[in-house]
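Novice: To be precise about what I am sending: the file is called upload-v9.txt and holds compact mmCIF, C-alpha atoms.
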# COMPACT_ATOMS: atom_id res chain seq x y z
CA MET A 1 110.64 183.09 108.41
CA TYR A 2 113.87 183.18 110.40
CA GLY A 3 113.36 181.74 113.87
CA LYS A 4 109.77 180.75 113.17
CA LEU A 5 108.57 177.20 112.80
CA LYS A 6 106.78 176.41 109.56
CA LEU A 7 104.51 173.40 109.97
CA VAL A 8 101.90 172.61 107.33
CA PRO A 9 99.12 170.06 107.96
CA ALA A 10 98.85 167.31 105.39
CA VAL A 11 95.53 167.83 103.70
CA LEU A 12 94.78 167.10 100.09
CA LEU A 13 93.32 170.25 98.68
CA ALA A 14 90.03 169.75 96.89
CA SER A 15 91.18 171.90 94.01
CA THR A 16 93.65 169.23 92.91
CA ALA A 17 90.76 166.93 92.07
CA PHE A 18 89.78 169.23 89.24
CA LEU A 19 93.15 169.06 87.51
CA THR A 20 92.91 167.21 84.25
CA GLN A 21 95.12 164.22 83.58
CA TYR A 22 96.89 166.12 80.82
CA ILE A 23 97.84 169.06 83.05
CA VAL A 24 99.17 166.82 85.82
CA GLU A 25 101.14 164.66 83.44
CA SER A 26 102.61 167.66 81.62
CA LYS A 27 104.44 168.92 84.68
CA LEU A 28 108.17 168.30 84.37
CA VAL A 29 111.14 168.93 86.64
CA PHE A 30 114.64 169.52 85.33
CA ALA A 31 118.06 169.98 86.90
CA HIS A 32 120.40 172.65 85.58
CA TYR A 33 123.66 170.92 84.67
CA MET A 34 126.91 172.82 84.13
CA VAL A 35 128.70 171.27 81.18
CA GLY A 36 132.38 171.16 82.08
CA THR A 37 135.18 168.70 81.57
CA VAL A 38 134.10 165.15 82.41
CA ASP A 39 136.82 162.54 82.07
CA ALA A 40 135.60 160.05 79.49
CA SER A 41 137.64 157.29 81.14
CA THR A 42 135.43 157.54 84.24
CA THR A 43 131.78 156.75 84.86
CA HIS A 44 131.07 160.30 86.03
CA ALA A 45 128.52 161.09 83.31
CA GLN A 46 126.72 157.83 84.00
CA GLN A 47 126.70 158.51 87.74
CA ASP A 48 125.17 161.94 87.15
CA ILE A 49 122.31 160.54 85.08
CA ASP A 50 121.65 157.62 87.40
CA GLY A 51 121.68 159.99 90.37
CA ALA A 52 119.25 162.38 88.71
CA ILE A 53 116.89 159.54 87.81
CA ASN A 54 116.96 158.41 91.44
CA VAL A 55 115.90 161.88 92.61
CA GLY A 56 113.06 161.97 90.09
CA PHE A 57 114.25 164.47 87.49
CA ASP A 58 112.94 164.23 83.94
CA ALA A 59 115.96 165.82 82.25
CA PHE A 60 119.15 167.78 82.57
CA ALA A 61 119.19 171.30 81.15
CA LEU A 62 122.73 171.30 79.79
CA ASN A 63 124.28 174.72 80.41
CA VAL A 64 126.80 175.30 77.64
CA GLY A 65 128.80 178.52 77.50
CA ASN A 66 131.58 177.37 75.18
CA PRO A 67 129.79 175.24 72.58
CA GLY A 68 132.77 174.88 70.28
CA ALA A 69 135.13 173.49 72.90
CA ASP A 70 136.20 169.87 72.52
CA TRP A 71 135.57 169.20 76.22
CA ALA A 72 132.01 170.50 75.93
CA LYS A 73 131.32 168.26 72.94
CA SER A 74 132.87 165.28 74.72
CA THR A 75 130.79 165.77 77.87
CA ALA A 76 127.59 166.22 75.87
CA GLN A 77 128.35 163.07 73.88
CA GLN A 78 128.94 161.04 77.04
CA LEU A 79 125.66 162.19 78.54
CA PHE A 80 123.61 161.59 75.39
CA ASP A 81 125.20 158.18 74.83
CA TYR A 82 124.30 156.97 78.29
CA ALA A 83 120.87 158.57 78.39
CA SER A 84 119.89 156.81 75.18
CA SER A 85 119.31 153.61 77.15
CA LYS A 86 117.32 155.39 79.88
CA SER A 87 114.00 157.15 80.21
CA PHE A 88 115.97 160.28 81.16
CA LYS A 89 116.26 163.17 78.69
CA LEU A 90 118.59 166.08 77.94
CA PHE A 91 118.28 169.52 76.33
CA PHE A 92 120.52 172.53 75.91
CA SER A 93 120.45 175.73 77.94
CA PHE A 94 122.52 178.27 76.01
CA ASP A 95 124.64 180.32 78.43
CA PHE A 96 124.76 183.83 77.02
CA TYR A 97 127.21 184.93 79.68
CA GLY A 98 129.59 182.36 78.25
CA ASP A 99 128.94 183.18 74.58
CA GLY A 100 126.46 185.87 73.60
CA ASP A 101 126.20 184.86 69.94
CA ILE A 102 123.29 182.47 69.39
CA ASN A 103 124.80 181.29 66.10
CA GLN A 104 127.69 179.70 68.00
CA TYR A 105 125.26 177.16 69.51
CA GLN A 106 123.78 176.02 66.23
CA ALA A 107 126.26 173.25 65.42
CA LEU A 108 126.07 171.61 68.85
CA PHE A 109 122.28 171.81 68.92
CA SER A 110 122.00 170.40 65.40
CA GLN A 111 124.26 167.50 66.32
CA PHE A 112 121.93 166.29 69.07
CA LYS A 113 118.44 167.67 68.33
CA ASP A 114 117.27 164.41 66.74
CA HIS A 115 118.99 162.17 69.27
CA PRO A 116 116.54 159.82 71.01
CA ALA A 117 117.65 161.17 74.39
CA HIS A 118 116.88 164.79 73.48
CA LEU A 119 113.84 166.11 75.35
CA LYS A 120 110.81 166.88 73.24
CA TYR A 121 107.71 168.72 74.34
CA ASN A 122 104.68 168.93 72.06
CA ASP A 123 106.83 166.81 69.71
CA LEU A 124 109.42 169.59 69.41
CA PRO A 125 113.00 169.56 70.73
CA VAL A 126 113.27 171.78 73.80
CA VAL A 127 115.75 174.67 74.03
CA SER A 128 116.28 176.98 77.01
CA SER A 129 118.92 179.46 78.11
CA TYR A 130 120.67 181.20 80.95
CA SER A 131 120.23 184.91 80.21
CA GLY A 132 119.39 185.73 76.59
CA GLY A 133 117.00 188.64 76.98
CA SER A 134 119.49 191.09 75.57
CA VAL A 135 119.67 189.29 72.20
CA GLY A 136 116.07 190.36 71.61
CA PRO A 137 112.91 188.68 70.32
CA ASP A 138 113.87 188.88 66.65
CA THR A 139 116.97 186.74 67.16
CA TRP A 140 115.03 184.16 69.17
CA ARG A 141 112.18 184.18 66.65
CA ASN A 142 114.60 183.46 63.82
CA PHE A 143 116.19 180.64 65.77
CA LYS A 144 112.82 179.13 66.65
CA ASN A 145 111.52 179.28 63.11
CA ALA A 146 114.72 177.93 61.61
CA ASN A 147 114.95 174.99 64.03
CA ASN A 148 111.29 174.27 64.88
CA VAL A 149 111.87 174.06 68.63
CA TYR A 150 109.90 174.38 71.86
CA LEU A 151 111.60 177.46 73.26
CA ILE A 152 111.76 178.39 76.98
CA PRO A 153 114.54 180.98 77.28
CA ASN A 154 115.54 183.14 80.24
CA PRO A 155 114.87 186.68 78.94
CA GLU A 156 114.97 188.57 82.24
CA ALA A 157 117.37 191.13 80.79
CA ASP A 158 114.56 192.54 78.63
CA GLY A 159 113.45 195.80 80.21
CA ASN A 160 109.75 194.90 80.18
CA TYR A 161 110.11 191.44 81.70
CA TYR A 162 109.51 192.57 85.27
CA SER A 163 108.34 196.15 84.79
CA ASN A 164 105.59 195.41 82.25
CA PRO A 165 105.17 191.65 81.71
CA SER A 166 102.10 192.03 79.49
CA GLU A 167 104.04 194.31 77.14
CA PHE A 168 106.91 191.83 77.19
CA PHE A 169 104.70 189.01 75.94
CA GLN A 170 103.21 191.24 73.27
CA SER A 171 106.72 191.79 71.90
CA TRP A 172 108.02 188.26 72.43
CA GLY A 173 104.87 186.18 72.03
CA ASP A 174 105.50 184.63 68.62
CA ALA A 175 109.21 184.10 69.40
CA ILE A 176 108.83 181.80 72.39
CA ASP A 177 106.71 179.01 73.88
CA GLY A 178 107.40 179.97 77.48
CA VAL A 179 109.88 181.66 79.79
CA PHE A 180 112.27 180.60 82.53
CA THR A 181 112.78 183.00 85.45
CA TRP A 182 116.17 182.47 87.07
CA GLU A 183 116.83 185.32 89.50
CA THR A 184 113.71 184.84 91.65
CA ALA A 185 115.05 181.52 92.96
CA TRP A 186 116.85 183.47 95.73
CA PRO A 187 116.41 186.77 97.54
CA ASP A 188 118.52 189.62 96.24
CA THR A 189 121.92 190.24 97.77
CA SER A 190 121.19 192.07 101.03
CA ASP A 191 122.94 193.51 104.05
CA THR A 192 120.16 192.24 106.34
CA PRO A 193 118.31 188.91 106.60
CA VAL A 194 115.73 188.54 103.87
CA ASN A 195 113.42 185.80 102.58
CA VAL A 196 112.88 184.70 99.00
CA SER A 197 109.76 186.14 97.34
CA SER A 198 107.51 184.92 94.54
CA THR A 199 105.93 188.33 93.85
CA LYS A 200 107.76 188.76 90.55
CA ASP A 201 106.98 185.16 89.59
CA GLN A 202 103.30 185.80 90.18
CA ALA A 203 103.28 188.84 87.92
CA VAL A 204 105.22 187.24 85.08
CA LYS A 205 103.32 183.95 85.29
CA SER A 206 99.98 185.79 85.21
CA ALA A 207 101.04 187.53 82.01
CA ALA A 208 102.38 184.26 80.60
CA ASP A 209 99.06 182.54 81.33
CA ALA A 210 97.17 185.34 79.60
CA ALA A 211 99.44 185.03 76.58
CA GLY A 212 99.09 181.23 76.48
CA LYS A 213 102.75 180.68 77.33
CA ALA A 214 104.38 178.20 79.72
CA TYR A 215 106.20 179.30 82.85
CA MET A 216 109.24 177.70 84.49
CA MET A 217 110.31 178.57 88.04
CA GLY A 218 113.71 177.99 89.60
CA LEU A 219 114.20 176.03 92.82
CA SER A 220 117.49 176.47 94.64
CA SER A 221 119.22 176.38 98.00
CA LEU A 222 121.59 179.36 98.13
CA GLN A 223 124.18 181.28 96.18
CA TYR A 224 127.72 181.64 97.44
CA LYS A 225 130.63 182.44 95.19
CA HIS A 226 134.24 183.16 96.08
CA CYS A 227 136.21 183.01 92.86
CA CYS A 228 136.94 184.60 89.55
CA GLY A 229 137.43 188.06 91.03
CA ASP A 230 134.15 188.27 92.90
CA SER A 231 132.42 187.02 96.05
CA TRP A 232 128.75 187.19 97.07
CA TYR A 233 126.13 185.46 99.18
CA ARG A 234 122.39 185.22 98.62
CA ALA A 235 120.59 183.88 101.67
CA GLY A 236 120.05 180.17 101.97
CA GLU A 237 118.79 179.61 105.50
CA THR A 238 115.31 178.32 104.56
CA ASN A 239 115.39 179.29 100.91
CA LEU A 240 114.91 175.75 99.59
CA PRO A 241 111.72 174.79 101.48
CA GLN A 242 110.26 178.29 101.16
CA ARG A 243 110.72 178.10 97.42
CA MET A 244 109.02 174.69 97.37
CA GLU A 245 105.99 176.33 98.99
CA GLN A 246 105.95 179.09 96.41
CA ILE A 247 106.26 176.78 93.42
CA LEU A 248 103.52 174.42 94.56
CA SER A 249 101.26 177.40 95.24
CA LEU A 250 101.81 179.00 91.82
CA SER A 251 101.81 175.65 89.98
CA PRO A 252 103.89 176.47 86.89
CA GLU A 253 104.24 174.00 84.05
CA PHE A 254 107.93 173.37 84.73
CA THR A 255 110.42 173.59 87.60
CA GLU A 256 114.18 173.73 87.16
CA VAL A 257 116.43 172.95 90.12
CA ILE A 258 119.45 175.24 90.21
CA THR A 259 121.70 173.25 90.11
CA TRP A 260 122.92 169.70 89.87
CA ASN A 261 126.61 170.56 89.85
CA ASP A 262 127.49 174.27 89.95
CA ALA A 263 130.29 174.24 92.50
CA GLY A 264 131.23 177.83 91.64
CA GLU A 265 127.96 179.18 93.08
CA SER A 266 127.60 176.44 95.75
CA HIS A 267 124.03 175.47 94.86
CA TYR A 268 124.90 171.95 93.71
CA ILE A 269 122.90 168.96 94.95
CA GLY A 270 124.95 166.31 93.17
CA PRO A 271 128.63 165.55 92.66
CA CYS A 272 130.97 168.21 91.24
CA TRP A 273 133.72 166.33 89.42
CA PRO A 274 137.16 167.78 90.21
CA GLU A 275 138.52 167.37 86.67
CA GLY A 276 136.27 170.22 85.56
CA LEU A 277 136.99 172.61 88.43
CA THR A 278 139.74 175.04 89.35
CA ALA A 279 141.69 174.86 92.59
CA GLU A 280 140.15 178.20 93.56
CA ILE A 281 136.60 176.81 93.36
CA LEU A 282 137.55 173.58 95.10
CA GLN A 283 138.60 175.61 98.14
CA TYR A 284 134.91 176.13 98.97
CA GLY A 285 132.73 174.32 96.40
CA ASN A 286 134.01 170.80 96.89
CA SER A 287 131.26 168.18 96.92
CA ASP A 288 133.61 165.64 98.52
CA THR A 289 134.27 167.76 101.61
CA ALA A 290 130.93 169.65 101.56
CA PRO A 291 128.40 167.29 99.95
CA HIS A 292 124.87 168.56 99.34
CA ASP A 293 123.21 165.29 98.39
CA GLY A 294 121.43 165.35 101.75
CA TRP A 295 118.96 167.73 100.08
CA GLN A 296 117.98 165.14 97.48
CA PRO A 297 115.30 163.27 99.51
CA LEU A 298 113.53 166.59 100.16
CA ILE A 299 113.62 167.43 96.47
CA SER A 300 112.27 163.96 95.61
CA SER A 301 109.31 164.61 97.92
CA PHE A 302 108.76 167.98 96.25
CA ILE A 303 108.95 166.49 92.75
CA ASP A 304 106.36 163.85 93.58
CA ALA A 305 103.99 166.48 94.99
CA PHE A 306 104.55 168.87 92.08
CA LYS A 307 103.86 166.21 89.47
CA ALA A 308 100.75 165.05 91.35
CA GLY A 309 99.34 168.56 91.06
CA ALA A 310 99.61 169.37 94.78
CA THR A 311 99.38 173.06 95.62
CA ASP A 312 100.56 172.91 99.22
CA VAL A 313 103.64 171.45 100.94
CA GLY A 314 101.31 169.71 103.38
CA SER A 315 100.77 167.20 100.58
CA MET A 316 104.45 166.30 100.45
CA LYS A 317 105.38 162.87 101.76
CA PRO A 318 108.54 160.77 101.87
CA ARG A 319 109.15 158.84 98.69
CA THR A 320 110.26 155.86 100.74
CA GLY A 321 110.23 155.02 104.43
CA ASP A 322 108.79 156.94 107.35
CA PHE A 323 110.64 160.24 106.94
CA ALA A 324 112.79 162.42 104.72
CA GLY A 325 114.81 165.16 106.32
CA THR A 326 117.90 167.30 106.22
CA MET A 327 119.99 169.63 108.38
CA TRP A 328 122.19 172.33 106.90
CA TYR A 329 124.46 174.98 108.38
CA ARG A 330 127.38 177.23 107.47
CA GLY A 331 130.76 176.16 108.74
CA VAL A 332 131.63 179.62 110.08
CA LEU A 333 129.85 182.07 112.36
CA THR A 334 129.01 185.54 111.11
CA SER A 335 131.69 186.83 113.52
CA CYS A 336 134.36 185.27 111.25
CA SER A 337 136.99 187.96 110.75
CA GLY A 338 138.29 187.01 107.29
CA ASP A 339 137.21 188.10 103.83
CA LYS A 340 133.39 188.05 103.66
CA PRO A 341 131.19 188.04 100.57
CA ARG A 342 128.87 190.81 99.48
CA GLY A 343 125.52 190.14 101.10
CA SER A 344 127.05 188.50 104.16
CA GLY A 345 124.80 190.66 106.32
CA ALA A 346 121.87 188.50 105.23
CA ALA A 347 123.40 185.45 106.90
CA VAL A 348 122.01 184.24 110.22
CA ASP A 349 123.90 182.10 112.74
CA ALA A 350 121.37 179.27 112.60
CA VAL A 351 120.90 175.55 112.22
CA ASN A 352 118.38 174.91 109.44
CA TYR A 353 116.26 171.85 108.89
CA ALA A 354 113.40 170.45 106.88
CA VAL A 355 111.56 167.19 107.47
CA VAL A 356 108.79 165.41 105.58
CA LEU A 357 106.53 162.93 107.36
CA PRO A 358 103.80 160.74 105.85
CA PRO A 359 100.05 161.36 106.20
CA GLY A 360 98.70 160.57 109.65
CA SER A 361 101.98 161.23 111.45
CA SER A 362 101.54 162.69 114.93
CA GLY A 363 103.47 163.11 118.15
CA TYR A 364 106.82 163.71 116.44
CA SER A 365 109.27 166.46 117.31
CA ILE A 366 112.61 167.81 116.15
CA ARG A 367 115.50 168.51 118.51
CA VAL A 368 118.28 170.80 117.31
CA THR A 369 121.63 170.78 119.12
CA SER A 370 124.52 173.15 118.39
CA GLY A 371 127.80 172.66 120.19
CA ASP A 372 126.70 171.28 123.55
CA THR A 373 123.48 173.30 123.64
CA VAL A 374 119.99 172.14 122.77
CA LEU A 375 118.63 175.11 120.85
CA VAL A 376 115.04 173.93 120.51
CA THR A 377 112.71 170.96 120.61
CA GLN A 378 109.57 171.58 118.58
CA PRO A 379 106.72 169.56 117.09
CA VAL A 380 106.59 168.46 113.47
CA GLY A 381 103.69 166.84 111.67
CA ALA A 382 102.65 165.24 108.42
CA GLY A 383 103.85 166.97 105.26
CA LEU A 384 106.78 169.38 105.17
CA SER A 385 107.97 171.17 108.32
CA TYR A 386 111.00 173.44 108.32
CA ASN A 387 112.75 176.07 110.39
CA SER A 388 115.85 178.21 110.74
CA VAL A 389 116.83 177.94 114.40
CA PRO A 390 119.05 180.80 115.60
CA GLY A 391 121.90 180.22 118.02
CA LEU A 392 124.52 178.41 115.90
CA LYS A 393 127.59 177.74 118.02
CA THR A 394 131.08 176.46 117.34
CA GLY A 395 131.53 172.70 117.41
CA ALA A 396 129.34 169.81 116.27
CA GLN A 397 125.74 170.11 115.06
CA ARG A 398 122.96 167.54 115.43
CA LEU A 399 119.36 167.12 114.34
CA ALA A 400 117.21 164.43 115.94
CA LEU A 401 113.71 163.24 115.01
CA LEU A 402 111.87 162.06 118.12
CA ASP A 403 108.73 159.97 118.37
CA GLY A 404 105.91 160.54 120.84
CA THR A 405 107.82 158.77 123.64
CA GLY A 406 110.89 160.95 123.15
CA GLN A 407 112.92 158.20 121.50
CA VAL A 408 115.27 159.15 118.67
CA VAL A 409 114.04 157.51 115.45
CA ALA A 410 116.46 159.29 113.09
CA SER A 411 119.31 161.77 113.31
CA ALA A 412 121.64 163.90 111.21
CA ASN A 413 125.12 164.64 112.49
CA SER A 414 127.65 167.16 111.26
CA LYS A 415 130.89 165.89 109.77
CA VAL A 416 132.53 169.32 109.98
CA ASP A 417 132.51 171.43 113.13
CA VAL A 418 131.50 175.08 113.04
CA SER A 419 134.35 177.55 113.53
CA ASP A 420 134.63 181.30 114.00
CA GLN A 421 137.88 181.48 112.02
CA PRO A 422 138.56 181.97 108.30
CA THR A 423 140.20 179.36 106.11
CA ASP A 424 142.90 180.51 103.69
CA GLY A 425 141.99 184.08 104.59
CA PHE A 426 138.30 183.97 103.72
CA CYS A 427 135.04 183.07 105.47
CA ASN A 428 133.46 180.15 103.61
CA TYR A 429 129.70 180.72 103.37
CA ASN A 430 128.94 177.43 101.65
CA TYR A 431 126.68 175.02 103.54
CA TYR A 432 127.33 171.65 105.07
CA VAL A 433 124.35 169.37 104.53
CA ALA A 434 123.51 166.18 106.44
CA GLY A 435 120.51 163.97 105.77
CA LEU A 436 118.42 162.25 108.43
CA GLN A 437 119.39 158.60 108.79
I need this file expressed as structure tokens, please.

Specialist:
Amino acid sequence: MYGKLKLVPAVLLASTAFLTQYIVESKLVFAHYMVGTVDASTTHAQQDIDGAINVGFDAFALNVGNPGADWAKSTAQQLFDYASSKSFKLFFSFDFYGDGDINQYQALFSQFKDHPAHLKYNDLPVVSSYSGGSVGPDTWRNFKNANNVYLIPNPEADGNYYSNPSEFFQSWGDAIDGVFTWETAWPDTSDTPVNVSSTKDQAVKSAADAAGKAYMMGLSSLQYKHCCGDSWYRAGETNLPQRMEQILSLSPEFTEVITWNDAGESHYIGPCWPEGLTAEILQYGNSDTAPHDGWQPLISSFIDAFKAGATDVGSMKPRTGDFAGTMWYRGVLTSCSGDKPRGSGAAVDAVNYAVVLPPGSSGYSIRVTSGDTVLVTQPVGAGLSYNSVPGLKTGAQRLALLDGTGQVVASANSKVDVSDQPTDGFCNYNYYVAGLQ
């Protein structure tokens, strides 16, 4: 979809009328939340929950990779304490890259499983995971039976998960209530531009449906990491709106946004509190200098459509006001001569945007300016329109929403100019995000 306008007319598909009230109401949207150090003397935990409620999330999936650490317990306690007075819920996502022994999570889960803020589905406390396929179905089955949980792990590491999904569910069926697919939220690392695909999701979800199991898809913006001995990039030009299309089309039971606050992989949409981050990560994944909250209004529009049972992004509409929109761009050109991540060949020098207009909107257009050059002026209509506009240049970036008379009704302006030079020896492939105002 690079360089091609995606404009979807806003029509309510007749098929949505046949959705039962139970199916529509059962759809939930979570945000993956990295549990790190949160200073208890601050209101950071409260701000996270209030911010997530404002976007429209139902719960945080609390990624815990060091469940015995005092800081992990403290952060979990702060979140549960504050959520107890809200409609917002929480549940644990065991991080098997952090600790591969499921028994190490038992104490923390037991501490909070009966808490009023713990998410329940079908009257059972929900548990998920990041990774976990390698521990096998027997281990998960024992955990499920011992704790009486609604279990939606991420078992992609099982050899049959993608190669033979039907066989996977035959082996795992009585151990789980559903599955969460993580890796399909982005295209694979590539040396050439590539778009995200839902082909694997379709196959696994079809097998899950046949087995009577729930399916959870991941929604994310990009991956960029430059720390901890590794560096990679997984394309993010129009990944977010493309993935919205795919999720609405496949209509899984659950969606999980990856992530609320993972600065290390750059796909945060909320604040990343510095007390829990290393100086190395803050060089590129700093939500103060590179905020991503401009994506939140788009995600709110998606959440509303998803929960309403919409199967097409043409049904998306702004939650409030006459528009919701965002511009995002990398702060360096691909010609940057410093240290580049694996997969940097997938990057495109482009200004990316997405805009949502209400039903009946007509005559509107988007104007994209990079440096001193107008790259394109193109029509946008009701529902979600998005594009990756090639031609990114050094200097300031601007997105303008124009009405039928050519007047600017909203704009998004860059706070950081694009450069062709590295910073501290490396080319930062994180995005700068600016919302339409």

Novice: Please list as a list in words every residue within 10 Å of A:Thr377, counting all atoms listed in the file and excluding residues in the same chain fewer than 6 positions away.

Specialist: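 The filter keeps Ser365, Ile366, Arg367, Val368, Thr369, Leu399, Ala400, Leu401 and Leu402 of chain A.
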
Novice: Pick from A:Val374, A:His292, A:Tyr364, A:Pro390: nearest to A:Gly404, with only C-alpha atoms counted?

Specialist: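 Once distances to A:Gly404 are computed over only C-alpha atoms, the minimum belongs to A:Tyr364.
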
Novice: For A:Glu237, which residue out of A:Trp328, A:Tyr33, A:Tyr161, A:Phe91 is the nearest one, using only C-alpha atoms?

Specialist: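 The closest residue to A:Glu237 is A:Trp328.
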
Novice: Go through A:Ser85, A:Thr238, A:Ser26, A:Asn66 one by one, measure the shortest atom-to-atom distance of each to A:Ile49 using all atoms listed in the file, and give the residue with the smallest value.

Specialist: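 Closest to A:Ile49 of all the choices is A:Ser85.
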
Novice: Just want the 9 Å neighbourhood of stretch 206-211 of chain A, counted on only C-alpha atoms, with same-chain residues fewer than 3 positions away dropped. Output as a list in words.

Specialist: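 Using only C-alpha atoms, the neighbours found are Pro165, Ser166, Glu167, Phe168, Phe169, Gln170, Gly173, Gly178, Val179, Asp201, Gln202, Ala203, Ala214 and Tyr215 of chain A.
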
Novice: How big is the axis-aligned box around all listed atoms of stretch 380-389 of chain A once 8 Å goes on each side, and where's its centre, in Å to one decimal, as AutoDock Vina command-line options?

Specialist:
--center_x 109.7 --center_y 171.7 --center_z 109.8 --size_x 30.2 --size_y 29.0 --size_z 25.2

Novice: Could you check which of A:Met327, A:Ala61, A:Leu219, A:Cys427 is closest to A:Gln283, using only C-alpha atoms?

Specialist: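 Among the listed residues, the smallest separation from A:Gln283 belongs to A:Cys427.
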
Novice: Please measure the separation of atom CA of A:Tyr97 and atom CA of A:Lys213, giving the value in Å to one decimal.

Specialist: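 According to the coordinates, atom CA of A:Tyr97 and atom CA of A:Lys213 are separated by 24.9 Å.
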
Novice: Please, what distance in Å, to one decimal, runs between atom CA of A:Pro137 and atom CA of A:Asp262?

Specialist: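 Computed distance, atom CA of A:Pro137 to atom CA of A:Asp262, equals 28.4 Å.
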
Novice: Taking into account all atoms listed in the file, which residue in the set A:Ala396, A:Ala69, A:Ala235, A:Val376 is nearest to A:Val348?

Specialist: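 Ranking A:Ala396, A:Ala69, A:Ala235, A:Val376 by distance to A:Val348, first place goes to A:Ala235.
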
Novice: Between A:Trp71, A:Phe426, A:Tyr329, A:Tyr353, which residue has the minimum interatomic distance to A:Thr394, considering only C-alpha atoms?

Specialist: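 So, comparing all the options, the nearest one is A:Tyr329.
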
Novice: Taking the point (135.9, 160.4, 78.4) as given in the file, collect each protein or nucleic acid residue that comes within 12 Å of it, counting only C-alpha atoms, and present the set as a ChimeraX atom specification.

Specialist: /A:36-46,70-79,81,275

Novice: What's around stretch 98-115 of chain A at 8 Å? Count all atoms listed in the file, leave out sequence neighbours fewer than 6 positions away in its own chain, and write the answer as a short mmCIF file (atom, residue, chain, number, x, y, z; two decimals) with C-alpha atoms, in the frame of the given file.

Specialist:
data_model
loop_
_atom_site.label_atom_id
_atom_site.label_comp_id
_atom_site.auth_asym_id
_atom_site.auth_seq_id
_atom_site.Cartn_x
_atom_site.Cartn_y
_atom_site.Cartn_z
CA VAL A 64 126.80 175.30 77.64
CA GLY A 65 128.80 178.52 77.50
CA ASN A 66 131.58 177.37 75.18
CA PRO A 67 129.79 175.24 72.58
CA GLY A 68 132.77 174.88 70.28
CA LYS A 73 131.32 168.26 72.94
CA PHE A 80 123.61 161.59 75.39
CA PHE A 92 120.52 172.53 75.91
CA PRO A 125 113.00 169.56 70.73
CA GLY A 132 119.39 185.73 76.59
CA VAL A 135 119.67 189.29 72.20
CA THR A 139 116.97 186.74 67.16
#

Novice: Separation of atom CA of A:Gly264 and atom CA of A:Ser198, in Å?

Specialist: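 According to the coordinates, atom CA of A:Gly264 and atom CA of A:Ser198 are separated by 24.9 Å.
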
Novice: Around the point (129.8, 179.6, 100.3) (coordinates from the file), which residues reach within 6 Å if we count all atoms listed in the file? Answer as a list in words.

Specialist: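 Residues found, by chain and rising number: Tyr224, Lys225, Ser266, Asn428, Tyr429 and Asn430 of chain A.
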